[in-house]
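Here is the file entry.txt (compact mmCIF, C-alpha atoms).
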# COMPACT_ATOMS: atom_id res chain seq x y z
CA MET A 29 148.42 118.23 116.55
CA HIS A 30 149.28 117.50 120.20
CA TYR A 31 146.92 120.33 121.20
CA LEU A 32 144.03 118.73 119.28
CA LYS A 33 144.62 115.30 120.81
CA THR A 34 144.80 116.75 124.31
CA ARG A 35 141.72 118.89 123.77
CA SER A 36 139.80 115.92 122.31
CA ALA A 37 140.78 113.74 125.27
CA VAL A 38 139.65 116.41 127.73
CA LEU A 39 136.36 116.87 125.85
CA ILE A 40 135.65 113.12 125.72
CA GLY A 41 136.54 112.76 129.39
CA SER A 42 134.20 115.64 130.29
CA LEU A 43 131.36 114.12 128.28
CA LEU A 44 131.83 110.73 129.94
CA LEU A 45 131.86 112.34 133.37
CA ALA A 46 128.73 114.37 132.61
CA THR A 47 126.95 111.28 131.30
CA ALA A 48 127.91 109.24 134.37
CA ALA A 49 126.73 112.00 136.70
CA GLN A 50 123.26 111.91 135.13
CA ALA A 51 122.97 108.15 134.78
CA GLY A 52 119.98 106.54 136.47
CA LYS A 53 120.27 103.96 139.19
CA LEU A 54 118.51 100.64 139.44
CA ALA A 55 117.65 98.74 142.61
CA ILE A 56 116.75 95.05 142.51
CA VAL A 57 114.80 93.74 145.48
CA ILE A 58 113.59 90.15 145.79
CA ASP A 59 110.24 90.39 147.56
CA ASP A 60 108.30 88.10 149.94
CA VAL A 61 111.37 86.32 151.34
CA GLY A 62 110.79 83.93 154.24
CA TYR A 63 108.38 81.35 152.83
CA ARG A 64 110.54 79.11 150.60
CA PRO A 65 114.09 78.75 151.98
CA HIS A 66 115.17 76.27 149.29
CA GLU A 67 114.37 78.74 146.49
CA GLU A 68 115.51 81.74 148.52
CA ASN A 69 118.92 80.18 149.13
CA ALA A 70 119.32 80.37 145.35
CA VAL A 71 118.57 84.10 145.60
CA LEU A 72 121.38 84.42 148.15
CA GLN A 73 123.76 83.04 145.51
CA MET A 74 123.04 86.09 143.32
CA PRO A 75 125.34 89.13 143.32
CA LEU A 76 125.45 91.04 146.64
CA PRO A 77 123.89 94.28 145.36
CA ILE A 78 120.56 92.42 145.07
CA SER A 79 118.51 93.20 148.19
CA VAL A 80 115.81 91.11 149.84
CA ALA A 81 112.53 92.16 151.43
CA VAL A 82 111.51 89.81 154.24
CA LEU A 83 107.94 89.33 155.43
CA PRO A 84 108.39 89.50 159.22
CA ASN A 85 105.90 86.75 160.08
CA ALA A 86 106.88 84.28 157.36
CA PRO A 87 107.92 80.88 158.75
CA HIS A 88 111.57 81.27 157.70
CA ALA A 89 111.86 85.07 157.93
CA HIS A 90 114.45 85.17 160.71
CA LEU A 91 116.64 82.52 159.08
CA MET A 92 116.63 84.16 155.66
CA ALA A 93 117.08 87.69 157.01
CA THR A 94 120.02 86.51 159.13
CA ARG A 95 121.66 84.77 156.17
CA ALA A 96 121.18 87.78 153.88
CA HIS A 97 122.50 90.18 156.52
CA ALA A 98 125.53 87.97 157.18
CA GLN A 99 126.38 88.24 153.48
CA GLY A 100 126.28 92.03 153.71
CA ARG A 101 123.06 92.40 151.74
CA GLU A 102 120.55 95.13 152.32
CA VAL A 103 117.56 93.58 154.09
CA LEU A 104 114.23 95.39 153.97
CA ILE A 105 111.14 94.65 156.04
CA HIS A 106 108.11 94.01 153.87
CA MET A 107 105.29 95.19 156.10
CA PRO A 108 101.94 94.15 154.65
CA MET A 109 99.38 96.92 154.80
CA GLU A 110 95.62 96.84 154.60
CA PRO A 111 94.35 97.27 151.02
CA LEU A 112 91.47 99.59 150.19
CA SER A 113 89.68 96.71 148.43
CA LYS A 114 88.12 93.73 150.22
CA GLN A 115 91.07 91.36 149.79
CA PRO A 116 92.00 88.82 152.47
CA LEU A 117 94.77 90.17 154.69
CA GLU A 118 98.01 88.53 155.73
CA ARG A 119 98.54 87.81 159.41
CA ASP A 120 99.51 90.89 161.47
CA THR A 121 98.70 93.29 158.66
CA CYS A 122 98.83 96.96 159.60
CA GLY A 123 95.27 98.25 159.56
CA LEU A 124 94.15 101.75 158.72
CA PRO A 125 92.63 103.78 161.56
If you convert what's in this file into C-alpha cells, what do you get?
Amino acid sequence: MHYLKTRSAVLIGSLLLATAAQAGKLAIVIDDVGYRPHEENAVLQMPLPISVAVLPNAPHAHLMATRAHAQGREVLIHMPMEPLSKQPLERDTCGLP
C-alpha cells in the first residue's frame, strides 16, 4: 500500500511538473502611456508584472516612464512607425526609406 501511495505521489508530481514546463506565458502591456497622467497613475496601481509602453514624444512620457521604472516595472518604448496606408502620422514617426 505504501508503495502505491509513493508511486502515485511521484506520478502526480511528475505530471504537474510536465504541465508547468509546457504552460504558456502571458504578457500584459498598457500601450500609449504618456498622454493622460491621471488615468495612467491608476495603471501604476496595478500589479507590478503589468508593463507599460511609453510614446517617447507624449507630453507626459518622461514623468510616466520615470514613475513606472521607479516601481520596478518593465518600460517599453512605443516607437510609432509609418503605416503602408495613407493615415496621418504621429510626430517624429519613423519613416520607411
Item checked: Pairwise distance for CA of Lys114 in chain A and CA of Val82 in chain A, rounded to one decimal in Å ->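 For CA of Lys114 in chain A relative to CA of Val82 in chain A, the distance reads 24.1 Å.
The spacing separating CA of Gln73 in chain A from CA of Gly52 in chain A amounts to 25.5 Å.
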Item checked: Counting all atoms listed in the file, the residue of A:Leu104, A:Leu54, A:Ser113, A:Ala98 that sits nearest Leu72 in chain A ->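 Under the stated criterion, the closest residue is A:Ala98.
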Item checked: For Gln99 in chain A: contacts at 12 Å, only C-alpha atoms, fewer than 6 positions along chain excluded, given as a PyMOL selection string -> chain A and resi 69+71-80+92-93
Next item on the list: Kindly indicate which residue among A:Pro116, A:Ala81, A:Lys53, A:Ile105 lies nearest to Glu68 in chain A, using only C-alpha atoms for the distances.
Entry: A:Ala81
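Each of A:Leu83, A:Thr94, A:Met107, A:Leu112 was compared to Tyr63 in chain A using all atoms listed in the file, and A:Leu83 turns out to be the nearest.
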Next item on the list: Go through A:Val61, A:His66, A:Met109, A:Glu102 one by one, measure the shortest atom-to-atom distance of each to His90 in chain A using only C-alpha atoms, and give the residue with the smallest value.
Entry: A:Val61
Check: Using all atoms listed in the file, which of A:Ile58, A:Pro65, A:Arg101, A:His106 sits nearest Pro84 in chain A?
Finding: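 Smallest distance to Pro84 in chain A is found for A:His106.
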